[in-house]
Amino acid sequence: DTGVSQDPRHKITKRGQNVTFRCDPISEHNRLYWYRQTLGQGPEFLTYFQNEAQLEKSRLLSDRFSAERPKGSFSTLEIQRTEQGDSAMYLCASSPWGTSGSRVYNEQFFGPGTRLTVL
Amino acid sequence: DQQVKQNSPSLSVQEGRISILNCDYTNSMFDYFLWYKKYPAEGPTFLISISSIKDKNEDGRFTVFLNKSAKHLSLHIVPSQPGDSAVYFCAASVDGATNKLIFGTGTLLAVQP
């Protein structure tokens with residue numbers, strides 16, 4: 001396992017269609033994050049999981065967006081009824097997290113991203 | 001409300017010289033700061049981090065300085081190499097790096113041979 005992988009790398013869809021992206025984190029990492037990046041901006045947080053539990057969702061994540069991590073391993077991000085404003089790079093990241101309750105400082109490792117274009 | 005700001009969209013430096021990238025933040029609850037490098041068509045790659053209990057962290061050619069009173073951090077790259085040419089993002093987190101990261105808008109560094 002060499003890193004975080006995302007599939008597909010590119011997706012072109014028509015407005016109104018549904019799309020689903022997949023992220024496979026680094027195997028020993030129990031935290032998984034989704035970010036969105038648009039041109040000229042830094043990545044913006046969407047949501048994150050610890051194991052299979054979704055712990056936080058950004059207000060950017062409208063009800064058309066849903067994310068799952070059913071077995072605490074890979075995750076999917078689905079966008080329903082896509083809009084042109086959804087066009088962006090969708091980034092997934094993973095990190096380890098200590099279970100002792102003590103603070104653990106570890107960076108998040110990012111995948112290559114999925115570039116979505118909504119026509 | 002941009003909590004993490006990188007006011008220089010681009011920076012050009014000669015090979016071998018020092019590159020200094022700056023970042024300002026507004027949220028005093030941030031306690032962990034990171035720098036990422038991003039090449040086109042790739043995800044961000046972690047470079048170096050610093051917790052708020054320190055004011056300096058060094059890793060090879062990369063040094064990050066944190067000035068909490070000014071809510072300012074900087075990344076120094078010495079010596080700069082052409083392969084360092086990329087977009088650099090500053091990011092911050094509350095409660096350690098394993099929580100959500102708030103990113104700046106990035107600075108495009110060009111190292112001229």
# chains A, B, ... in the order shown; residues from 1 in each chain; ligands from 1

$ interface_residues --of "chain A" --to "chain B" --cutoff "12 Å" --atoms "only C-alpha atoms" --output "PyMOL selection string"
chain A and resi 3-6+9-10+29-50+55-58+89-98+101-115

$ write_last_selection --atoms "C-alpha atoms" --output "compact mmCIF listing (two decimals), in the first residue's frame"
# COMPACT_ATOMS: atom_id res chain seq x y z
CA GLY A 3 -0.75 5.78 -0.49
CA VAL A 4 -4.29 7.07 -0.81
CA SER A 5 -5.96 6.15 -4.08
CA GLN A 6 -9.01 7.70 -5.71
CA ARG A 9 -9.27 10.43 -11.70
CA HIS A 10 -11.52 12.35 -14.07
CA HIS A 29 -5.35 4.95 8.91
CA ASN A 30 -8.70 5.12 10.70
CA ARG A 31 -9.54 8.74 9.83
CA LEU A 32 -10.67 9.65 6.32
CA TYR A 33 -11.43 13.13 5.01
CA TRP A 34 -13.06 14.62 1.92
CA TYR A 35 -12.13 18.06 0.60
CA ARG A 36 -13.12 20.03 -2.48
CA GLN A 37 -10.80 22.37 -4.36
CA THR A 38 -11.84 24.89 -6.97
CA LEU A 39 -9.56 26.93 -9.23
CA GLY A 40 -7.45 29.44 -7.36
CA GLN A 41 -8.56 28.23 -3.94
CA GLY A 42 -7.15 25.92 -1.33
CA PRO A 43 -8.88 22.66 -0.46
CA GLU A 44 -12.11 23.14 1.52
CA PHE A 45 -13.21 20.61 4.11
CA LEU A 46 -16.37 18.64 3.34
CA THR A 47 -16.59 15.80 5.85
CA TYR A 48 -14.59 13.24 7.78
CA PHE A 49 -14.92 9.76 9.25
CA GLN A 50 -13.35 7.94 12.08
CA LEU A 55 -18.03 12.78 12.71
CA GLU A 56 -18.45 16.12 11.01
CA LYS A 57 -20.01 17.59 7.89
CA SER A 58 -19.37 21.04 6.49
CA MET A 89 -11.31 18.63 -7.72
CA TYR A 90 -12.50 16.28 -4.98
CA LEU A 91 -9.68 15.25 -2.69
CA CYS A 92 -9.57 12.44 -0.18
CA ALA A 93 -7.08 12.25 2.68
CA SER A 94 -6.39 9.83 5.51
CA SER A 95 -4.54 9.95 8.80
CA PRO A 96 -3.94 7.75 11.81
CA TRP A 97 -5.46 8.70 15.15
CA GLY A 98 -4.51 7.57 18.60
CA GLY A 101 -7.44 9.88 24.01
CA SER A 102 -4.10 11.67 24.03
CA ARG A 103 -3.53 14.16 21.29
CA VAL A 104 -1.62 12.74 18.34
CA TYR A 105 -0.08 15.07 15.85
CA ASN A 106 -0.06 13.44 12.43
CA GLU A 107 -0.38 14.93 9.01
CA GLN A 108 -3.12 14.03 6.57
CA PHE A 109 -2.03 12.17 3.44
CA PHE A 110 -3.86 13.16 0.29
CA GLY A 111 -4.82 11.15 -2.75
CA PRO A 112 -4.46 12.43 -6.33
CA GLY A 113 -8.04 13.66 -6.46
CA THR A 114 -11.00 13.21 -8.80
CA ARG A 115 -11.59 16.08 -11.19

$ select_by_dssp --residues "chain B" --states "strand (DSSP E or B)" --output "ChimeraX atom specification"
/B:4-5,10-14,19-25,32-38,45-51,56-59,62-67,72-77,86-93,102-103,107-112

$ atom_distance --atom1 "atom CA of A:Glu83" --atom2 "atom CA of A:Leu60"
13.8 Å

$ residues_around --residues "stretch 64-67 of chain B" --least-positions-apart "6" --cutoff "8 Å" --atoms "only C-alpha atoms" --output "mmCIF file with all heavy atoms, in the first residue's frame"
data_model
loop_
_atom_site.group_PDB
_atom_site.id
_atom_site.type_symbol
_atom_site.label_atom_id
_atom_site.label_comp_id
_atom_site.auth_asym_id
_atom_site.auth_seq_id
_atom_site.Cartn_x
_atom_site.Cartn_y
_atom_site.Cartn_z
ATOM 1 N N ILE B 48 5.926 19.887 6.040
ATOM 2 C CA ILE B 48 6.429 20.122 7.382
ATOM 3 C C ILE B 48 5.293 20.697 8.217
ATOM 4 O O ILE B 48 4.355 21.294 7.692
ATOM 5 C CB ILE B 48 7.640 21.085 7.352
ATOM 6 C CG1 ILE B 48 8.367 21.123 8.696
ATOM 7 C CG2 ILE B 48 7.228 22.484 6.893
ATOM 8 C CD1 ILE B 48 9.726 21.833 8.631
ATOM 9 N N SER B 49 5.379 20.488 9.531
ATOM 10 C CA SER B 49 4.327 20.988 10.407
ATOM 11 C C SER B 49 4.937 21.580 11.672
ATOM 12 O O SER B 49 6.134 21.392 11.951
ATOM 13 C CB SER B 49 3.369 19.862 10.778
ATOM 14 O OG SER B 49 4.050 18.827 11.473
ATOM 15 N N ILE B 50 4.101 22.284 12.435
ATOM 16 C CA ILE B 50 4.551 22.853 13.703
ATOM 17 C C ILE B 50 3.353 22.980 14.626
ATOM 18 O O ILE B 50 2.257 23.347 14.197
ATOM 19 C CB ILE B 50 5.244 24.216 13.478
ATOM 20 C CG1 ILE B 50 5.876 24.721 14.784
ATOM 21 C CG2 ILE B 50 4.279 25.253 12.904
ATOM 22 C CD1 ILE B 50 6.826 25.902 14.570
ATOM 23 N N SER B 52 1.605 24.650 18.148
ATOM 24 C CA SER B 52 1.634 26.003 18.697
ATOM 25 C C SER B 52 2.529 26.139 19.929
ATOM 26 O O SER B 52 2.761 27.258 20.390
ATOM 27 C CB SER B 52 0.211 26.449 19.041
ATOM 28 O OG SER B 52 -0.372 25.551 19.969
ATOM 29 N N LYS B 54 5.597 25.371 19.850
ATOM 30 C CA LYS B 54 6.929 25.638 19.330
ATOM 31 C C LYS B 54 6.913 26.912 18.501
ATOM 32 O O LYS B 54 5.856 27.382 18.070
ATOM 33 C CB LYS B 54 7.410 24.468 18.463
ATOM 34 C CG LYS B 54 7.579 23.164 19.209
ATOM 35 C CD LYS B 54 8.139 22.117 18.279
ATOM 36 C CE LYS B 54 8.399 20.819 19.033
ATOM 37 N NZ LYS B 54 8.988 19.774 18.136
ATOM 38 N N ASP B 55 8.104 27.472 18.250
ATOM 39 C CA ASP B 55 8.172 28.607 17.343
ATOM 40 C C ASP B 55 9.022 28.317 16.107
ATOM 41 O O ASP B 55 9.113 29.155 15.211
ATOM 42 C CB ASP B 55 8.678 29.860 18.059
ATOM 43 C CG ASP B 55 10.005 29.632 18.761
ATOM 44 O OD1 ASP B 55 10.695 28.647 18.427
ATOM 45 O OD2 ASP B 55 10.349 30.430 19.656
ATOM 46 N N LYS B 56 9.597 27.117 16.061
ATOM 47 C CA LYS B 56 10.422 26.766 14.905
ATOM 48 C C LYS B 56 10.468 25.248 14.768
ATOM 49 O O LYS B 56 10.554 24.524 15.764
ATOM 50 C CB LYS B 56 11.835 27.324 15.097
ATOM 51 C CG LYS B 56 12.829 26.969 13.987
ATOM 52 C CD LYS B 56 14.215 27.517 14.323
ATOM 53 C CE LYS B 56 15.256 27.077 13.319
ATOM 54 N NZ LYS B 56 16.611 27.593 13.671
ATOM 55 N N ASN B 57 10.426 24.800 13.520
ATOM 56 C CA ASN B 57 10.635 23.384 13.241
ATOM 57 C C ASN B 57 11.396 23.270 11.931
ATOM 58 O O ASN B 57 11.086 23.967 10.971
ATOM 59 C CB ASN B 57 9.301 22.636 13.150
ATOM 60 C CG ASN B 57 9.487 21.129 13.076
ATOM 61 O OD1 ASN B 57 10.486 20.604 13.574
ATOM 62 N ND2 ASN B 57 8.542 20.443 12.468
ATOM 63 N N GLU B 58 12.384 22.402 11.927
ATOM 64 C CA GLU B 58 13.290 22.314 10.785
ATOM 65 C C GLU B 58 13.337 20.886 10.275
ATOM 66 O O GLU B 58 13.366 19.928 11.049
ATOM 67 C CB GLU B 58 14.684 22.759 11.230
ATOM 68 C CG GLU B 58 15.683 23.018 10.140
ATOM 69 C CD GLU B 58 16.953 23.663 10.678
ATOM 70 O OE1 GLU B 58 17.004 23.988 11.883
ATOM 71 O OE2 GLU B 58 17.893 23.827 9.893
ATOM 72 N N LEU B 73 2.888 32.677 10.199
ATOM 73 C CA LEU B 73 3.913 31.662 10.047
ATOM 74 C C LEU B 73 4.545 31.778 8.666
ATOM 75 O O LEU B 73 3.960 32.390 7.747
ATOM 76 C CB LEU B 73 3.389 30.243 10.288
ATOM 77 C CG LEU B 73 2.362 29.608 9.366
ATOM 78 C CD1 LEU B 73 2.474 28.093 9.488
ATOM 79 C CD2 LEU B 73 0.965 30.030 9.764
ATOM 80 N N SER B 74 5.757 31.269 8.588
ATOM 81 C CA SER B 74 6.465 31.342 7.316
ATOM 82 C C SER B 74 7.213 30.034 7.073
ATOM 83 O O SER B 74 7.573 29.331 8.021
ATOM 84 C CB SER B 74 7.436 32.528 7.298
ATOM 85 O OG SER B 74 8.401 32.397 8.320
ATOM 86 N N LEU B 75 7.402 29.746 5.812
ATOM 87 C CA LEU B 75 8.163 28.576 5.374
ATOM 88 C C LEU B 75 9.399 29.076 4.644
ATOM 89 O O LEU B 75 9.279 29.858 3.695
ATOM 90 C CB LEU B 75 7.324 27.698 4.446
ATOM 91 C CG LEU B 75 8.051 26.509 3.811
ATOM 92 C CD1 LEU B 75 8.410 25.469 4.874
ATOM 93 C CD2 LEU B 75 7.193 25.883 2.715
ATOM 94 N N HIS B 76 10.573 28.642 5.110
ATOM 95 C CA HIS B 76 11.827 28.993 4.465
ATOM 96 C C HIS B 76 12.374 27.758 3.767
ATOM 97 O O HIS B 76 12.455 26.671 4.382
ATOM 98 C CB HIS B 76 12.847 29.500 5.495
ATOM 99 C CG HIS B 76 12.472 30.809 6.113
ATOM 100 N ND1 HIS B 76 13.416 31.704 6.557
ATOM 101 C CD2 HIS B 76 11.269 31.384 6.345
ATOM 102 C CE1 HIS B 76 12.802 32.776 7.039
ATOM 103 N NE2 HIS B 76 11.510 32.601 6.932
#

$ residues_around --residues "stretch 80-85 of chain B" --least-positions-apart "3" --cutoff "7 Å" --atoms "only C-alpha atoms" --output "PDB file with N, CA and C atoms, in the first residue's frame"
ATOM      1  N   GLU B  15      17.516  29.903  -8.295  1.00  0.00           N
ATOM      2  CA  GLU B  15      18.047  28.649  -7.755  1.00  0.00           C
ATOM      3  C   GLU B  15      19.205  28.944  -6.793  1.00  0.00           C
ATOM      4  N   GLY B  16      19.206  28.252  -5.646  1.00  0.00           N
ATOM      5  CA  GLY B  16      20.264  28.432  -4.657  1.00  0.00           C
ATOM      6  C   GLY B  16      19.965  29.491  -3.609  1.00  0.00           C
ATOM      7  N   ARG B  17      18.996  30.365  -3.904  1.00  0.00           N
ATOM      8  CA  ARG B  17      18.651  31.412  -2.942  1.00  0.00           C
ATOM      9  C   ARG B  17      17.571  30.916  -1.988  1.00  0.00           C
ATOM     10  N   ILE B  18      17.201  31.758  -1.040  1.00  0.00           N
ATOM     11  CA  ILE B  18      16.179  31.398  -0.077  1.00  0.00           C
ATOM     12  C   ILE B  18      14.793  31.761  -0.606  1.00  0.00           C
ATOM     13  N   SER B  19      13.844  30.865  -0.407  1.00  0.00           N
ATOM     14  CA  SER B  19      12.432  31.150  -0.678  1.00  0.00           C
ATOM     15  C   SER B  19      11.739  31.317   0.664  1.00  0.00           C
ATOM     16  N   ILE B  77      12.769  27.930   2.522  1.00  0.00           N
ATOM     17  CA  ILE B  77      13.383  26.844   1.757  1.00  0.00           C
ATOM     18  C   ILE B  77      14.784  27.312   1.363  1.00  0.00           C
ATOM     19  N   LEU B 109       5.211  29.042  -6.281  1.00  0.00           N
ATOM     20  CA  LEU B 109       6.646  29.304  -6.229  1.00  0.00           C
ATOM     21  C   LEU B 109       7.301  28.861  -7.530  1.00  0.00           C
ATOM     22  N   ALA B 110       8.047  29.756  -8.139  1.00  0.00           N
ATOM     23  CA  ALA B 110       8.816  29.424  -9.341  1.00  0.00           C
ATOM     24  C   ALA B 110      10.288  29.630  -9.015  1.00  0.00           C
ATOM     25  N   VAL B 111      11.074  28.562  -9.101  1.00  0.00           N
ATOM     26  CA  VAL B 111      12.506  28.648  -8.854  1.00  0.00           C
ATOM     27  C   VAL B 111      13.209  28.633 -10.205  1.00  0.00           C
ATOM     28  N   GLN B 112      13.855  29.722 -10.508  1.00  0.00           N
ATOM     29  CA  GLN B 112      14.498  29.892 -11.810  1.00  0.00           C
ATOM     30  C   GLN B 112      15.916  29.309 -11.792  1.00  0.00           C
ATOM     31  N   PRO B 113      16.260  28.475 -12.788  1.00  0.00           N
ATOM     32  CA  PRO B 113      17.619  27.894 -12.842  1.00  0.00           C
ATOM     33  C   PRO B 113      18.687  28.961 -13.058  1.00  0.00           C
TER      34      PRO B 113
END

$ residues_around --residues "A:Glu52" --least-positions-apart "6" --cutoff "8 Å" --atoms "only C-alpha atoms" --output "MDAnalysis selection string"
chainID A and resid 68:73

$ write_last_selection --atoms "C-alpha atoms" --output "PDB file, in the first residue's frame"
ATOM      1  CA  GLU A  68     -20.224   6.740   3.394  1.00  0.00           C
ATOM      2  CA  ARG A  69     -17.515   4.555   4.826  1.00  0.00           C
ATOM      3  CA  PRO A  70     -19.455   1.350   5.423  1.00  0.00           C
ATOM      4  CA  LYS A  71     -16.768  -0.909   6.848  1.00  0.00           C
ATOM      5  CA  GLY A  72     -14.307   1.675   8.025  1.00  0.00           C
ATOM      6  CA  SER A  73     -12.074   1.092   5.017  1.00  0.00           C
TER       7      SER A  73
END

$ atom_distance --atom1 "atom CA of B:Asp59" --atom2 "atom CA of B:His72"
19.3 Å
